[in-house]
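Enquirer: Can you keep this structure in mind? I'll have questions shortly.
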Amino acid sequence: MNANTNSATTTYRAAVVRSPQGPDSIEMADLPLVEPGPGEVRVRIAAATVNPVDLGVAGGVFHRLGLVHQPEHVGLGWDFAGTISAAGPGAELTVGTRVAGLVDGFDRDFGPYAEELVLPAGNLAVVPDGLDLTAAATVPLNALAAAQLLDLLGDAPGEGRRLLVTGAAGAVGSYVAALAPARGWEVTGLARVEDETFVRGLGAEFTAQATPGWDAVADAAALQNKALALVRDGGAFVGVQPSARPAAERGIRVDVVVAHPDGTRLSGLLADVASGRLPARVHAVFPLEQAGDAHRAMAKGGVRGRIVLKP
Ligand SMILES: NC(=O)c1ccc[n+]([C@@H]2O[C@H](COP(=O)([O-])OP(=O)(O)OC[C@H]3O[C@@H](n4cnc5c(N)ncnc54)[C@H](OP(=O)(O)O)[C@@H]3O)[C@@H](O)[C@H]2O)c1
């Protein structure tokens with residue numbers, strides 16, 4: 001997928017990777033400004049988040065998996081918030097509207113680590129009044145991943161409702177833990193000892209050391225086979241690493257979520273954030289030019305919530 005570059009009179013700045021070798025390979029580039037096509041809008045980015053997947057892109061993980069084929073550079077980032085700066089024919093959102101959204105897929109030369117971004121209006125949700133764009137940017141990827149993970153898991157059965165969420169203090173895990181009770185699950189969050197208060201605040205039970213026997217495990221910490229081993233025979237497991245799906249065993253149903261844009265669903269999730277039902281946590285804010293430093297900070301660990309980049 002390549003950006004539409006038919007309007008090259010002005011440019012915008014973006015953080016991109018030409019030769020993926022980790023944070024040092026992130027560089028700023030001036031790119032031709034893109035005009036939105038039918039049903040598309042252009043968003044002036046106010047905030048873009050740093051997610052674990054971005055470290056993988058900059059480190060070349062997805063190039064090595066054969067998922068990136070860009071001749072010049074690969075774009076960075078998945079979720080963001082900003083303000084619509086141009087609307088294409090038929091787009092249902094108007095200039096000036098505050099929005100948040102998600103760009104998925106690996107093989108692209110554009111992304112939210114940028115001043116501007118063009119994408120289908122249907123992938124966006126209007127940010128509720130009272131929710132600032134920095135906080136809103138932390139929501140789309142991980143709240144959608146959690147909601148879509150729960151779609152794979154399904155509603156809890158009449159009996160056997162005990163769900164363990166690994167990484168319950170993390171971005172995906174906290175949303176899974178908060179959303180799962182509405183689907184009938186009795187949630188216990190596996191997290192670090194120091195995260196107990198946060199996890200209980202989501203309405204979940206807490207453990208720092210889980211023993212086997214759970215009806216279902218949502219593996220938001222990507223513990224993989226260690227998490228699969230915690231599921232009872234015939235239970236359910238949903239993972240978060242599509243390129244490393246654990247093999248099914250002992251009659252366990254194994255699924256893996258692949259988060260995808262859904263503007264309508266995101267609207268509901270942002271409303272839940274605005275009402276305080278779901279968290280939106282900002283760990284730190286970096287200027288876009290310091291995306292490499294932001295990646296280094298994320299790689300050190302101990303991040304709670306998201307690091308946010310501001311152009
Ligand atoms: N497939 C998809 O669509 C999709 C979408 C979004 C994210 N993901 C993936 O989901 C995973 C989680 O992403 P995230 O953004 O939620 O990461 P995150 O915010 O760093 O959360 C991970 C959490 O798990 C905790 N953790 C790790 N090992 C643990 C253990 N043994 N016991 C207890 N807690 C443990 C971490 O604690 P520490 O920081 O202390 O280690 C952290 O709190 C990543 O692999 C990401 O790539 C996949």
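Identifiers for the structure tokens are assigned positionally: chains receive A, B, ... in sequence, residues are indexed from 1 per chain, and ligands are indexed from 1 in the order shown.
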As a list in words, please: the residues near region 297-303 of chain A (cut-off 7 Å, only C-alpha atoms, same-chain neighbours under 3 positions excluded).

Expert: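 Those residues are His283, Asp293 and Ala294 of chain A.
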
Enquirer: Mind dumping the selected residues with N, CA and C atoms as a PDB file, in the first residue's frame?

Expert:
```pdb
ATOM      1  N   HIS A 283       1.652   7.688  30.026  1.00  0.00           N
ATOM      2  CA  HIS A 283       2.859   7.485  30.841  1.00  0.00           C
ATOM      3  C   HIS A 283       3.782   8.685  30.729  1.00  0.00           C
ATOM      4  N   ASP A 293      14.008   8.184  21.166  1.00  0.00           N
ATOM      5  CA  ASP A 293      14.127   8.193  22.635  1.00  0.00           C
ATOM      6  C   ASP A 293      12.889   7.555  23.270  1.00  0.00           C
ATOM      7  N   ALA A 294      11.725   7.843  22.688  1.00  0.00           N
ATOM      8  CA  ALA A 294      10.481   7.257  23.219  1.00  0.00           C
ATOM      9  C   ALA A 294      10.526   5.733  23.097  1.00  0.00           C
TER      10      ALA A 294
END
```

Enquirer: Would you name the residues within 7 Å of ligand 1, counting only C-alpha atoms and all ligand atoms, and put them as an MDAnalysis selection string?

Expert: chainID A and resid 51:53 141:142 145 166:173 190:192 208 220:223 240:242 256:259 301:305

Enquirer: Tell me, as a PyMOL selection string, which residues lie within 12 Å of Leu309 (chain A), counting only C-alpha atoms; anything in the same chain fewer than 2 positions away does not count.

Expert: chain A and resi 14-15+45-51+76-82+112-115+133-135+137-138+282-295+306-307+311

Enquirer: Could you jot down the CA of Thr94 (chain A) to CA of Val43 (chain A) separation for me, Å, one decimal place?

Expert: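 If I compute the distance from CA of Thr94 (chain A) to CA of Val43 (chain A), I get 10.6 Å.
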
Enquirer: What are the DSSP strand (DSSP E) residues of region 144-281 of chain A, as a ChimeraX atom specification?

Expert: /A:162-166,186-190,205-207,214-219,231-239,253-256

Enquirer: Please produce a file of those selected residues containing C-alpha atoms, as an mmCIF file, in the first residue's frame.

Expert:
```
data_model
loop_
_atom_site.group_PDB
_atom_site.id
_atom_site.type_symbol
_atom_site.label_atom_id
_atom_site.label_comp_id
_atom_site.auth_asym_id
_atom_site.auth_seq_id
_atom_site.Cartn_x
_atom_site.Cartn_y
_atom_site.Cartn_z
ATOM 1 C CA ARG A 162 -13.381 -18.085 35.367
ATOM 2 C CA LEU A 163 -11.246 -15.943 33.061
ATOM 3 C CA LEU A 164 -7.582 -15.187 33.779
ATOM 4 C CA VAL A 165 -6.268 -12.051 32.052
ATOM 5 C CA THR A 166 -2.464 -12.042 31.909
ATOM 6 C CA GLU A 186 -15.541 -13.612 36.290
ATOM 7 C CA VAL A 187 -12.182 -11.943 35.830
ATOM 8 C CA THR A 188 -8.902 -12.389 37.658
ATOM 9 C CA GLY A 189 -5.983 -10.254 36.518
ATOM 10 C CA LEU A 190 -2.421 -11.578 36.563
ATOM 11 C CA GLU A 205 -9.745 -10.124 41.275
ATOM 12 C CA PHE A 206 -5.948 -10.073 41.434
ATOM 13 C CA THR A 207 -3.133 -12.602 41.423
ATOM 14 C CA TRP A 214 -8.750 -21.543 34.421
ATOM 15 C CA ASP A 215 -11.782 -21.942 32.168
ATOM 16 C CA ALA A 216 -10.281 -19.365 29.835
ATOM 17 C CA VAL A 217 -7.117 -17.297 29.546
ATOM 18 C CA ALA A 218 -6.819 -13.991 27.690
ATOM 19 C CA ASP A 219 -3.052 -13.765 27.234
ATOM 20 C CA VAL A 231 -6.069 -23.279 30.865
ATOM 21 C CA ARG A 232 -8.009 -26.343 32.024
ATOM 22 C CA ASP A 233 -8.551 -29.220 29.604
ATOM 23 C CA GLY A 234 -11.251 -28.224 27.098
ATOM 24 C CA GLY A 235 -11.056 -24.524 28.012
ATOM 25 C CA ALA A 236 -10.343 -21.502 25.823
ATOM 26 C CA PHE A 237 -7.244 -19.409 25.093
ATOM 27 C CA VAL A 238 -6.962 -16.168 23.136
ATOM 28 C CA GLY A 239 -3.509 -14.814 22.392
ATOM 29 C CA ARG A 253 -9.808 -23.820 21.742
ATOM 30 C CA VAL A 254 -6.968 -21.500 20.657
ATOM 31 C CA ASP A 255 -7.562 -18.153 18.947
ATOM 32 C CA VAL A 256 -5.382 -15.089 18.323
#
```

Enquirer: Please determine, counting only C-alpha atoms, which residue among A:Ala125, A:Ala87, A:Met28, A:Leu144 has the shortest atom-to-atom distance to Asp104 (chain A).

Expert: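 Nearest to Asp104 (chain A): A:Leu144.
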
Enquirer: In Å, rounded to a single decimal, give me how far CA of His260 (chain A) is from CA of Leu152 (chain A).

Expert: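 These two atoms are separated by 13.3 Å.
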
Enquirer: Going by DSSP on the backbone, which residues of region 94-262 of chain A come out as helix (DSSP H, G or I)? List them as a ChimeraX atom specification.

Expert: /A:121-123,133-136,140-153,171-183,193-201,225-228,242-244

Enquirer: Once you have the residues from the selection above, write them out as a PDB file, in the first residue's frame, restricted to C-alpha atoms.

Expert:
```pdb
ATOM      1  CA  ALA A 121     -13.496   8.341   7.639  1.00  0.00           C
ATOM      2  CA  GLY A 122     -15.166   5.082   8.713  1.00  0.00           C
ATOM      3  CA  ASN A 123     -12.023   4.095  10.615  1.00  0.00           C
ATOM      4  CA  LEU A 133      -6.667  14.289  22.475  1.00  0.00           C
ATOM      5  CA  THR A 134      -3.536  13.077  24.282  1.00  0.00           C
ATOM      6  CA  ALA A 135      -5.575  10.692  26.430  1.00  0.00           C
ATOM      7  CA  ALA A 136      -7.831   9.738  23.510  1.00  0.00           C
ATOM      8  CA  PRO A 140      -7.921   2.892  19.834  1.00  0.00           C
ATOM      9  CA  LEU A 141      -5.443   0.049  19.294  1.00  0.00           C
ATOM     10  CA  ASN A 142      -5.617  -1.521  22.707  1.00  0.00           C
ATOM     11  CA  ALA A 143      -9.301  -1.014  23.498  1.00  0.00           C
ATOM     12  CA  LEU A 144     -10.272  -2.345  20.050  1.00  0.00           C
ATOM     13  CA  ALA A 145      -7.845  -5.262  20.476  1.00  0.00           C
ATOM     14  CA  ALA A 146      -9.490  -6.057  23.817  1.00  0.00           C
ATOM     15  CA  ALA A 147     -13.046  -5.814  22.467  1.00  0.00           C
ATOM     16  CA  GLN A 148     -12.149  -7.912  19.443  1.00  0.00           C
ATOM     17  CA  LEU A 149     -10.321 -10.456  21.647  1.00  0.00           C
ATOM     18  CA  LEU A 150     -13.532 -10.815  23.666  1.00  0.00           C
ATOM     19  CA  ASP A 151     -15.464 -11.378  20.419  1.00  0.00           C
ATOM     20  CA  LEU A 152     -13.188 -14.363  19.779  1.00  0.00           C
ATOM     21  CA  LEU A 153     -13.594 -15.609  23.340  1.00  0.00           C
ATOM     22  CA  ALA A 171      -2.736  -1.588  27.835  1.00  0.00           C
ATOM     23  CA  VAL A 172      -4.580  -4.536  26.252  1.00  0.00           C
ATOM     24  CA  GLY A 173      -5.007  -6.480  29.487  1.00  0.00           C
ATOM     25  CA  SER A 174      -6.588  -3.650  31.446  1.00  0.00           C
ATOM     26  CA  TYR A 175      -9.231  -3.175  28.741  1.00  0.00           C
ATOM     27  CA  VAL A 176      -9.925  -6.934  28.572  1.00  0.00           C
ATOM     28  CA  ALA A 177     -10.282  -7.062  32.361  1.00  0.00           C
ATOM     29  CA  ALA A 178     -12.649  -4.086  32.391  1.00  0.00           C
ATOM     30  CA  LEU A 179     -14.803  -5.248  29.443  1.00  0.00           C
ATOM     31  CA  ALA A 180     -15.055  -8.996  30.121  1.00  0.00           C
ATOM     32  CA  PRO A 181     -17.617  -8.931  32.981  1.00  0.00           C
ATOM     33  CA  ALA A 182     -20.221  -7.493  30.597  1.00  0.00           C
ATOM     34  CA  ARG A 183     -19.858 -10.756  28.653  1.00  0.00           C
ATOM     35  CA  VAL A 193       2.535  -7.145  42.831  1.00  0.00           C
ATOM     36  CA  GLU A 194       2.833  -3.335  42.553  1.00  0.00           C
ATOM     37  CA  ASP A 195      -0.136  -3.250  40.132  1.00  0.00           C
ATOM     38  CA  GLU A 196      -2.648  -4.863  42.525  1.00  0.00           C
ATOM     39  CA  THR A 197      -4.514  -1.633  43.359  1.00  0.00           C
ATOM     40  CA  PHE A 198      -4.874  -0.696  39.678  1.00  0.00           C
ATOM     41  CA  VAL A 199      -6.128  -4.170  38.686  1.00  0.00           C
ATOM     42  CA  ARG A 200      -8.651  -4.338  41.529  1.00  0.00           C
ATOM     43  CA  GLY A 201      -9.777  -0.843  40.516  1.00  0.00           C
ATOM     44  CA  ASN A 225       2.727 -21.468  26.091  1.00  0.00           C
ATOM     45  CA  LYS A 226       3.124 -20.556  29.775  1.00  0.00           C
ATOM     46  CA  ALA A 227      -0.361 -18.994  29.608  1.00  0.00           C
ATOM     47  CA  LEU A 228      -1.803 -21.879  27.596  1.00  0.00           C
ATOM     48  CA  PRO A 242      -0.735 -13.509  15.337  1.00  0.00           C
ATOM     49  CA  SER A 243       2.696 -14.524  14.053  1.00  0.00           C
ATOM     50  CA  ALA A 244       3.238 -16.953  16.940  1.00  0.00           C
TER      51      ALA A 244
END
```

Enquirer: Region 56-63 of chain A: which residues within 9 Å, counting only C-alpha atoms, same-chain residues fewer than 5 positions away excluded, as a ChimeraX atom specification?

Expert: /A:16-17,19-26,68-69,74-76,106-107,295

Enquirer: Given the choices A:Gly101, A:Gly203, A:Gly251, A:Gly263, which gets closest to Pro279 (chain A) if the distance is worked out from only C-alpha atoms?

Expert: A:Gly203

Enquirer: What does the distance between CA of Arg13 (chain A) and CA of Glu92 (chain A) come to in Å, to one decimal place?

Expert: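 Result for CA of Arg13 (chain A) versus CA of Glu92 (chain A): 26.4 Å, one decimal.
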
Enquirer: Return the single residue from A:Val139, A:Pro212, A:Gly105, A:Gly96 that is closest to Gly268 (chain A), with distances computed using only C-alpha atoms.

Expert: A:Val139
